[in-house]
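Undergrad: I am sharing input_30.tsv, which consists of TSV, C-alpha atoms:
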```
chain	number	residue	atom	x	y	z
J	1	MET	CA	-6.23	-15.71	-27.47
J	2	SER	CA	-7.23	-12.07	-27.88
J	3	THR	CA	-4.54	-9.43	-28.16
J	4	ASP	CA	-4.33	-6.32	-26.00
J	5	GLU	CA	-5.53	-4.27	-28.97
J	6	ASP	CA	-8.56	-6.51	-29.46
J	7	ILE	CA	-9.56	-6.16	-25.82
J	8	TYR	CA	-9.10	-2.44	-25.41
J	9	THR	CA	-10.79	-1.27	-28.58
J	10	GLN	CA	-14.06	-2.59	-27.14
J	11	ASN	CA	-14.98	-1.01	-23.80
J	12	ALA	CA	-13.25	0.95	-21.11
J	13	ARG	CA	-13.07	-0.93	-17.82
J	14	ILE	CA	-12.68	-0.11	-14.13
J	15	VAL	CA	-11.03	-2.56	-11.74
J	16	LEU	CA	-11.49	-2.23	-7.98
J	17	LEU	CA	-7.87	-2.54	-6.80
J	18	GLY	CA	-8.48	-2.14	-3.07
J	19	VAL	CA	-11.42	-1.98	-0.69
J	20	ALA	CA	-9.82	-1.05	2.64
J	21	GLN	CA	-9.35	2.18	4.54
J	22	ASP	CA	-5.94	3.88	4.30
J	23	GLY	CA	-4.22	1.43	6.67
J	24	GLY	CA	-5.33	-1.66	4.75
J	25	VAL	CA	-5.91	-5.01	6.43
J	26	PRO	CA	-3.79	-5.91	8.31
J	27	GLN	CA	-3.37	-2.47	9.79
J	28	CYS	CA	0.06	-1.56	11.09
J	29	GLY	CA	0.46	-2.21	14.82
J	30	CYS	CA	-2.85	-4.05	15.20
J	31	ASN	CA	-3.20	-7.55	16.64
J	32	CYS	CA	-6.99	-7.85	16.38
J	33	PRO	CA	-8.25	-11.24	15.13
J	34	ARG	CA	-9.06	-9.83	11.69
J	35	CYS	CA	-5.56	-8.41	11.16
J	36	MET	CA	-3.88	-11.48	12.68
J	37	ALA	CA	-5.81	-13.74	10.31
J	38	VAL	CA	-4.14	-11.97	7.39
J	39	LEU	CA	-0.71	-12.00	9.02
J	40	ASN	CA	-1.09	-15.73	9.72
J	41	GLY	CA	-2.10	-16.44	6.13
J	42	SER	CA	-5.67	-17.56	6.77
J	43	SER	CA	-7.34	-14.46	5.25
J	44	PRO	CA	-6.41	-12.41	2.17
J	45	GLU	CA	-4.81	-9.00	2.48
J	46	LEU	CA	-7.09	-6.05	1.74
J	47	TYR	CA	-5.38	-3.15	-0.01
J	48	PRO	CA	-6.19	0.56	0.49
J	49	VAL	CA	-9.00	1.71	-1.77
J	50	SER	CA	-7.98	2.37	-5.37
J	51	LEU	CA	-9.30	2.03	-8.92
J	52	GLY	CA	-7.58	1.03	-12.12
J	53	ILE	CA	-9.06	2.26	-15.40
J	54	SER	CA	-8.20	0.99	-18.87
J	55	ASP	CA	-9.36	3.26	-21.66
J	56	GLU	CA	-10.36	2.24	-25.19
J	57	GLU	CA	-6.77	2.55	-26.44
J	58	GLY	CA	-5.35	0.25	-23.78
J	59	LYS	CA	-3.83	3.02	-21.67
J	60	PHE	CA	-3.91	2.63	-17.90
J	61	HIS	CA	-5.09	5.22	-15.39
J	62	LEU	CA	-4.93	4.99	-11.60
J	63	ILE	CA	-7.26	6.57	-9.04
J	64	GLU	CA	-5.36	6.89	-5.73
J	65	ALA	CA	-1.83	5.55	-5.26
J	66	SER	CA	-1.14	3.41	-2.20
J	67	ARG	CA	2.03	1.84	-0.81
J	68	THR	CA	0.67	-1.59	-1.88
J	69	LEU	CA	0.80	-0.52	-5.53
J	70	SER	CA	3.07	-3.39	-6.60
J	71	ARG	CA	0.49	-5.96	-5.50
J	72	GLN	CA	-2.38	-3.90	-6.88
J	73	LEU	CA	-0.76	-3.73	-10.32
J	74	HIS	CA	-0.48	-7.52	-10.21
J	75	LEU	CA	-4.14	-7.83	-9.17
J	76	TRP	CA	-5.05	-5.51	-12.06
J	77	GLY	CA	-3.17	-7.72	-14.48
J	78	ARG	CA	-4.88	-10.86	-13.18
J	79	SER	CA	-8.27	-9.23	-13.64
J	80	LEU	CA	-7.61	-9.06	-17.40
J	81	GLU	CA	-7.34	-12.83	-17.72
J	82	GLN	CA	-11.13	-13.24	-17.96
J	83	PHE	CA	-10.95	-11.22	-21.18
J	84	GLY	CA	-8.27	-13.45	-22.68
J	85	VAL	CA	-5.27	-11.25	-21.94
J	86	LYS	CA	-2.27	-12.29	-19.86
J	87	MET	CA	-0.48	-9.39	-18.18
J	88	ASP	CA	1.44	-10.18	-15.00
J	89	VAL	CA	1.80	-6.55	-13.95
J	90	VAL	CA	-0.05	-3.63	-15.50
J	91	SER	CA	2.26	-0.93	-16.86
J	92	PRO	CA	2.94	1.78	-17.79
J	93	ILE	CA	0.58	4.06	-15.89
J	94	THR	CA	-0.51	7.04	-17.99
J	95	SER	CA	-2.23	9.08	-15.27
J	96	VAL	CA	-2.91	9.19	-11.54
J	97	SER	CA	-5.92	11.03	-10.09
J	98	VAL	CA	-6.05	11.80	-6.36
J	99	THR	CA	-9.11	12.62	-4.26
J	100	HIS	CA	-7.27	14.09	-1.26
J	101	LEU	CA	-4.11	14.03	0.83
J	102	HIS	CA	-4.76	11.38	3.46
J	103	LEU	CA	-2.01	8.80	3.72
J	104	GLY	CA	-3.44	5.76	1.94
J	105	HIS	CA	-4.48	7.79	-1.10
J	106	ILE	CA	-1.05	9.24	-1.84
J	107	ASP	CA	1.68	7.19	-0.14
J	108	GLY	CA	2.32	5.26	-3.36
J	109	LEU	CA	3.19	8.35	-5.40
J	110	GLY	CA	6.83	8.13	-4.35
J	111	LEU	CA	7.04	4.71	-6.01
J	112	PHE	CA	6.92	6.39	-9.43
J	113	GLY	CA	10.28	8.08	-8.78
J	114	ARG	CA	13.84	6.98	-9.46
J	115	GLU	CA	14.09	4.81	-6.33
J	116	VAL	CA	11.48	2.33	-7.61
J	117	MET	CA	9.68	2.61	-10.97
J	118	GLY	CA	12.02	5.22	-12.42
J	119	CYS	CA	9.41	7.09	-14.46
J	120	LYS	CA	10.87	9.92	-16.51
J	121	ASN	CA	10.33	13.45	-15.28
J	122	GLY	CA	6.87	14.69	-16.26
J	123	SER	CA	5.90	11.40	-17.91
J	124	VAL	CA	2.78	10.64	-15.81
J	125	ARG	CA	-0.23	12.94	-15.59
J	126	LEU	CA	-1.16	13.81	-12.00
J	127	ILE	CA	-4.74	15.10	-11.77
J	128	ALA	CA	-5.89	16.71	-8.53
J	129	SER	CA	-6.98	19.94	-6.85
J	130	LYS	CA	-4.57	22.85	-6.40
J	131	PRO	CA	-4.14	22.31	-2.63
J	132	VAL	CA	-3.25	18.67	-3.26
J	133	ILE	CA	-0.77	19.53	-6.02
J	134	ASP	CA	0.81	22.31	-3.95
J	135	GLU	CA	1.25	20.10	-0.90
J	136	LEU	CA	2.72	17.25	-2.93
J	137	GLY	CA	5.13	19.75	-4.47
J	138	SER	CA	6.32	20.73	-1.01
J	139	ARG	CA	7.03	17.03	-0.33
J	140	ALA	CA	9.27	16.77	-3.41
J	141	VAL	CA	7.41	13.87	-5.06
J	142	LEU	CA	6.31	15.58	-8.26
J	143	ASP	CA	9.32	14.91	-10.50
J	144	PRO	CA	7.78	11.95	-12.38
J	145	PHE	CA	4.51	13.79	-12.83
J	146	SER	CA	2.96	16.40	-15.05
J	147	PRO	CA	0.47	18.10	-12.69
J	148	GLU	CA	-2.99	19.10	-13.90
J	149	ILE	CA	-5.15	21.21	-11.59
J	150	ILE	CA	-8.84	20.38	-11.80
J	151	GLU	CA	-11.82	22.71	-11.73
J	152	ASP	CA	-14.78	21.57	-9.66
J	153	ALA	CA	-17.34	19.55	-11.68
J	154	LYS	CA	-15.51	20.14	-15.00
J	155	ASP	CA	-14.83	17.17	-17.27
J	156	VAL	CA	-11.23	16.09	-17.85
J	157	GLN	CA	-10.43	13.73	-20.72
J	158	LEU	CA	-8.62	10.84	-19.09
J	159	GLY	CA	-8.16	8.78	-22.23
J	160	LYS	CA	-10.10	7.60	-25.24
J	161	GLY	CA	-13.69	6.99	-24.20
J	162	VAL	CA	-13.18	8.03	-20.55
J	163	THR	CA	-13.64	11.35	-18.74
J	164	VAL	CA	-13.45	12.26	-15.06
J	165	SER	CA	-14.93	15.14	-13.10
J	166	PHE	CA	-14.14	16.12	-9.50
J	167	HIS	CA	-16.88	17.08	-7.03
J	168	ARG	CA	-15.85	18.68	-3.77
J	169	VAL	CA	-17.06	17.20	-0.48
J	170	PRO	CA	-16.33	18.04	3.18
J	171	HIS	CA	-13.68	15.87	4.81
J	172	ARG	CA	-11.37	17.09	7.58
J	173	GLU	CA	-10.49	20.26	5.71
J	174	GLU	CA	-7.95	21.33	8.33
J	175	GLU	CA	-5.86	18.24	7.48
J	176	VAL	CA	-6.21	17.72	3.74
J	177	GLY	CA	-7.20	21.08	2.29
J	178	GLU	CA	-9.75	19.77	-0.19
J	179	THR	CA	-11.41	16.43	-0.83
J	180	HIS	CA	-13.29	15.42	-3.96
J	181	GLY	CA	-15.42	12.57	-5.15
J	182	ILE	CA	-14.67	11.59	-8.74
J	183	VAL	CA	-17.23	10.77	-11.42
J	184	ILE	CA	-15.80	8.49	-14.12
J	185	ARG	CA	-17.74	8.32	-17.39
J	186	GLY	CA	-17.36	5.86	-20.23
J	187	LYS	CA	-19.46	5.59	-23.37
J	188	ASN	CA	-21.93	3.22	-21.75
J	189	ARG	CA	-21.88	3.71	-17.98
J	190	SER	CA	-20.59	6.02	-15.26
J	191	LEU	CA	-19.37	5.64	-11.69
J	192	LEU	CA	-19.12	7.95	-8.66
J	193	PHE	CA	-16.07	7.20	-6.51
J	194	LEU	CA	-16.65	8.67	-3.03
J	195	PRO	CA	-14.37	6.88	-0.55
J	196	ASP	CA	-14.28	9.68	2.03
J	197	HIS	CA	-16.61	12.37	3.32
J	198	ASP	CA	-17.61	13.60	6.77
J	199	THR	CA	-21.41	13.55	6.91
J	200	TYR	CA	-24.32	13.28	4.52
J	201	SER	CA	-25.83	16.51	5.81
J	202	GLU	CA	-22.67	18.51	5.08
J	203	THR	CA	-22.05	16.85	1.72
J	204	LEU	CA	-25.61	17.47	0.54
J	205	GLU	CA	-25.47	21.05	1.77
J	206	TRP	CA	-22.28	21.63	-0.21
J	207	GLN	CA	-23.87	20.08	-3.30
J	208	LYS	CA	-27.11	22.05	-2.76
J	209	MET	CA	-29.16	18.85	-2.77
J	210	GLU	CA	-31.96	17.73	-0.49
J	211	SER	CA	-31.22	14.00	-0.44
J	212	LEU	CA	-28.63	11.42	-1.41
J	213	ARG	CA	-30.89	10.02	-4.11
J	214	GLU	CA	-31.42	13.49	-5.56
J	215	TRP	CA	-27.66	14.06	-5.75
J	216	LEU	CA	-26.98	10.70	-7.40
J	217	LYS	CA	-29.76	11.32	-9.90
J	218	HIS	CA	-28.31	14.77	-10.62
J	219	LEU	CA	-24.90	13.19	-11.28
J	220	SER	CA	-26.56	10.61	-13.55
J	221	VAL	CA	-24.37	7.72	-12.45
J	222	ASP	CA	-24.97	3.98	-12.79
J	223	LEU	CA	-22.53	2.83	-10.11
J	224	VAL	CA	-21.49	4.37	-6.79
J	225	MET	CA	-18.54	3.34	-4.66
J	226	ILE	CA	-19.26	5.02	-1.37
J	227	ASP	CA	-17.61	5.54	2.02
J	228	GLY	CA	-18.16	2.42	4.13
J	229	THR	CA	-15.33	2.97	6.62
J	230	PHE	CA	-17.25	1.82	9.69
J	231	PHE	CA	-20.37	-0.29	10.09
J	232	THR	CA	-21.28	1.66	13.23
J	233	ALA	CA	-19.44	4.49	14.95
J	234	GLU	CA	-19.23	2.42	18.13
J	235	GLU	CA	-16.75	-0.05	16.65
J	236	VAL	CA	-13.84	2.31	17.33
J	237	ALA	CA	-14.81	2.90	20.97
J	238	GLY	CA	-11.87	2.37	23.31
J	239	ARG	CA	-9.30	2.56	20.51
J	240	ARG	CA	-6.77	5.33	19.90
J	241	CYS	CA	-9.46	7.96	19.25
J	242	ASP	CA	-13.23	8.24	19.15
J	243	SER	CA	-15.34	8.44	16.01
J	244	THR	CA	-15.76	12.22	16.25
J	245	GLN	CA	-12.08	12.57	15.36
J	246	ILE	CA	-12.42	10.39	12.25
J	247	PRO	CA	-15.82	11.33	10.83
J	248	HIS	CA	-17.28	9.01	8.21
J	249	PRO	CA	-20.96	8.12	7.72
J	250	PRO	CA	-21.28	4.53	9.01
J	251	ILE	CA	-22.81	1.89	6.79
J	252	SER	CA	-25.70	1.53	9.23
J	253	GLN	CA	-26.62	5.18	8.62
J	254	SER	CA	-26.34	4.76	4.85
J	255	LEU	CA	-28.70	1.79	5.01
J	256	SER	CA	-31.14	3.81	7.12
J	257	ILE	CA	-31.07	6.68	4.61
J	258	LEU	CA	-31.36	4.48	1.53
J	259	GLY	CA	-33.65	1.69	2.68
J	260	GLU	CA	-34.36	-0.88	-0.02
J	261	ARG	CA	-32.97	-0.37	-3.48
J	262	ARG	CA	-35.46	1.05	-5.96
J	263	SER	CA	-35.66	0.21	-9.63
J	264	ASP	CA	-34.13	3.51	-10.69
J	265	ASP	CA	-31.31	3.52	-8.11
J	266	PRO	CA	-27.70	3.07	-9.15
J	267	ASP	CA	-25.71	0.12	-7.83
J	268	ILE	CA	-24.16	1.19	-4.52
J	269	ILE	CA	-21.01	-0.56	-3.36
J	270	PHE	CA	-19.40	0.09	0.03
J	271	VAL	CA	-15.61	0.54	0.02
J	272	HIS	CA	-12.88	2.11	2.19
J	273	LEU	CA	-13.55	-0.49	4.89
J	274	ASN	CA	-11.69	-0.03	8.17
J	275	HIS	CA	-10.06	-3.10	9.71
J	276	THR	CA	-12.62	-2.87	12.55
J	277	ASN	CA	-15.58	-3.19	10.15
J	278	ARG	CA	-17.45	-6.46	10.66
J	279	VAL	CA	-18.88	-6.34	7.14
J	280	ILE	CA	-15.48	-7.58	5.94
J	281	ASP	CA	-16.04	-11.10	7.24
J	282	ASP	CA	-19.31	-11.29	9.22
J	283	PRO	CA	-22.07	-12.99	7.18
J	284	VAL	CA	-24.75	-11.37	9.36
J	285	LYS	CA	-23.52	-7.84	8.61
J	286	GLN	CA	-23.01	-8.68	4.96
J	287	ALA	CA	-26.61	-9.92	4.79
J	288	GLU	CA	-27.87	-6.65	6.30
J	289	VAL	CA	-26.37	-4.83	3.32
J	290	GLU	CA	-27.26	-7.31	0.61
J	291	LYS	CA	-30.88	-7.95	1.62
J	292	LEU	CA	-31.59	-4.28	0.87
J	293	GLY	CA	-30.08	-4.61	-2.60
J	294	TRP	CA	-26.70	-2.98	-1.94
J	295	LYS	CA	-23.21	-4.48	-2.22
J	296	ILE	CA	-19.84	-4.74	-0.52
J	297	GLY	CA	-16.76	-4.11	-2.63
J	298	GLN	CA	-14.57	-7.05	-3.61
J	299	GLN	CA	-11.00	-6.65	-4.76
J	300	GLY	CA	-10.54	-7.46	-8.42
J	301	GLN	CA	-14.13	-6.68	-9.47
J	302	VAL	CA	-14.32	-5.41	-13.04
J	303	PHE	CA	-16.90	-2.93	-14.31
J	304	GLU	CA	-17.29	-2.17	-17.99
J	305	ILE	CA	-18.13	1.45	-18.69
```
Could you express the structure from this file as structure tokens?

TA:
Amino acid sequence: MSTDEDIYTQNARIVLLGVAQDGGVPQCGCNCPRCMAVLNGSSPELYPVSLGISDEEGKFHLIEASRTLSRQLHLWGRSLEQFGVKMDVVSPITSVSVTHLHLGHIDGLGLFGREVMGCKNGSVRLIASKPVIDELGSRAVLDPFSPEIIEDAKDVQLGKGVTVSFHRVPHREEEVGETHGIVIRGKNRSLLFLPDHDTYSETLEWQKMESLREWLKHLSVDLVMIDGTFFTAEEVAGRRCDSTQIPHPPISQSLSILGERRSDDPDIIFVHLNHTNRVIDDPVKQAEVEKLGWKIGQQGQVFEI
């Protein structure tokens, strides 16, 4: 069997640790058939969206920290088995990067403190924008962390063979201050992680790009994990609020914009799936995505970079 050192001196890897919107599936307080199927044990739980990165030295880096972190660290460990390594729970975590302040992206940060994981003060890098760092400081969760404030579109060395850069996008600024997509680059491939943004028109205007394809080409990425919160805006009709209060480009709009995958397109994978999204378990909706050459995120997927 390979050792940890053997595995991690080869390639950096990204593991998709969660594919759901902030509330996960099941979502708290919901008795819809999809959530009840998980509660009754007939469907697997879907964790809030998150990535785990292992660099070339075997150090572990987290993108987003959710309250389901204990199960995600176990999922991360299981994903290593295909490479000949047995690790029940991945640890320790060297760094955490955060895109924005919405609940499911940060509610696991408190787990690093003395009440749970007991990380030493300043022992874990926390990489985020200044508004995110400042707000987290006001919530008294920063003790285990060594905060690093990012500059827009500037590379940050995450670990050996891996850099990240943050790219600002519009997303409910009045609530979260700033939101960023994160580009993760390894020696061989790169990935754009964009779980949340309001609209394509606003995002492209902010990035000074004419089209989604132009922006992705400019970023020079091979993989894209993109906001797939809803399949259509209508799926939240009659619930606690309408879609104008929770803006996300629906998958149906993304498919309309993209059409069929072209030979020079990156792989596009939809993540951040709301519990109302039929693409989670409806073969018809899944086929609508896949017949055009795009994909739906699956927990535990591994991507070598």

Undergrad: Need to verify the contact set: region 271-287 of chain J, 8 Å, all atoms listed in the file, exclusion of same-chain residues closer than 3 positions in sequence. Can you return it as JSON, numbers by chain?

TA: {"J": [19, 20, 21, 22, 23, 24, 25, 26, 27, 34, 35, 48, 49, 195, 196, 225, 226, 227, 228, 229, 230, 231, 235, 236, 290, 291, 296, 297]}

Undergrad: Find the residues around Ile127 (chain J) up to 8 Å (only C-alpha atoms counted), leave out those fewer than 2 positions away in its own chain, and share them as a PDB file with C-alpha atoms, in the frame of the given file.

TA:
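The resulting file, part_0.pdb, is shown below:
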```
ATOM      1  CA  SER J  95      -2.230   9.080 -15.270  1.00  0.00           C
ATOM      2  CA  VAL J  96      -2.910   9.190 -11.540  1.00  0.00           C
ATOM      3  CA  SER J  97      -5.920  11.030 -10.090  1.00  0.00           C
ATOM      4  CA  VAL J  98      -6.050  11.800  -6.360  1.00  0.00           C
ATOM      5  CA  ARG J 125      -0.230  12.940 -15.590  1.00  0.00           C
ATOM      6  CA  SER J 129      -6.980  19.940  -6.850  1.00  0.00           C
ATOM      7  CA  PRO J 147       0.470  18.100 -12.690  1.00  0.00           C
ATOM      8  CA  GLU J 148      -2.990  19.100 -13.900  1.00  0.00           C
ATOM      9  CA  ILE J 149      -5.150  21.210 -11.590  1.00  0.00           C
ATOM     10  CA  ILE J 150      -8.840  20.380 -11.800  1.00  0.00           C
TER      11      ILE J 150
END
```

Undergrad: Between CA of Cys28 (chain J) and CA of His248 (chain J), measure the distance and give it in Å to one decimal.

TA: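 A separation of 20.5 Å between them.
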
Undergrad: Using all atoms listed in the file, which protein or nucleic acid residues come within 10 Å of Arg78 (chain J)? Drop anything in the same chain fewer than 6 positions from it, and give the result as a PyMOL selection string.

TA: chain J and resi 72+85-90+300

Undergrad: Please identify all polymer residues within 9 Å of region 187-192 of chain J, counting only C-alpha atoms, omitting same-chain residues fewer than 5 positions from it, and present them as a list in words.

TA: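 Contacts, with the query itself left out: Asn11, Ala12, Gly161, Val162, Gly181, Ile182, Leu216, Leu219, Ser220, Val221, Asp222, Leu223, Val224, Met225, Ile226, Glu304 and Ile305 of chain J.
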
Undergrad: Take the residues from that selection and put them in a file with C-alpha atoms, as a compact mmCIF listing (two decimals), in the frame of the given file.

TA:
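Written file, again_14.txt:
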```txt
# COMPACT_ATOMS: atom_id res chain seq x y z
CA ASN J 11 -14.98 -1.01 -23.80
CA ALA J 12 -13.25 0.95 -21.11
CA GLY J 161 -13.69 6.99 -24.20
CA VAL J 162 -13.18 8.03 -20.55
CA GLY J 181 -15.42 12.57 -5.15
CA ILE J 182 -14.67 11.59 -8.74
CA LEU J 216 -26.98 10.70 -7.40
CA LEU J 219 -24.90 13.19 -11.28
CA SER J 220 -26.56 10.61 -13.55
CA VAL J 221 -24.37 7.72 -12.45
CA ASP J 222 -24.97 3.98 -12.79
CA LEU J 223 -22.53 2.83 -10.11
CA VAL J 224 -21.49 4.37 -6.79
CA MET J 225 -18.54 3.34 -4.66
CA ILE J 226 -19.26 5.02 -1.37
CA GLU J 304 -17.29 -2.17 -17.99
CA ILE J 305 -18.13 1.45 -18.69
```

Undergrad: In Å to one decimal, how far is CA of Thr99 (chain J) from CA of Glu214 (chain J)?

TA: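 CA of Thr99 (chain J) lies at a distance of 22.4 Å from CA of Glu214 (chain J).
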
Undergrad: Name the closest residue to Ser66 (chain J) among the candidates J:Gly108, J:Pro33, J:Pro44, J:Gly52; distances are taken between atoms, counting all atoms listed in the file.

TA: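 Looking only at the distances to Ser66 (chain J), the closest residue turns out to be J:Gly108.
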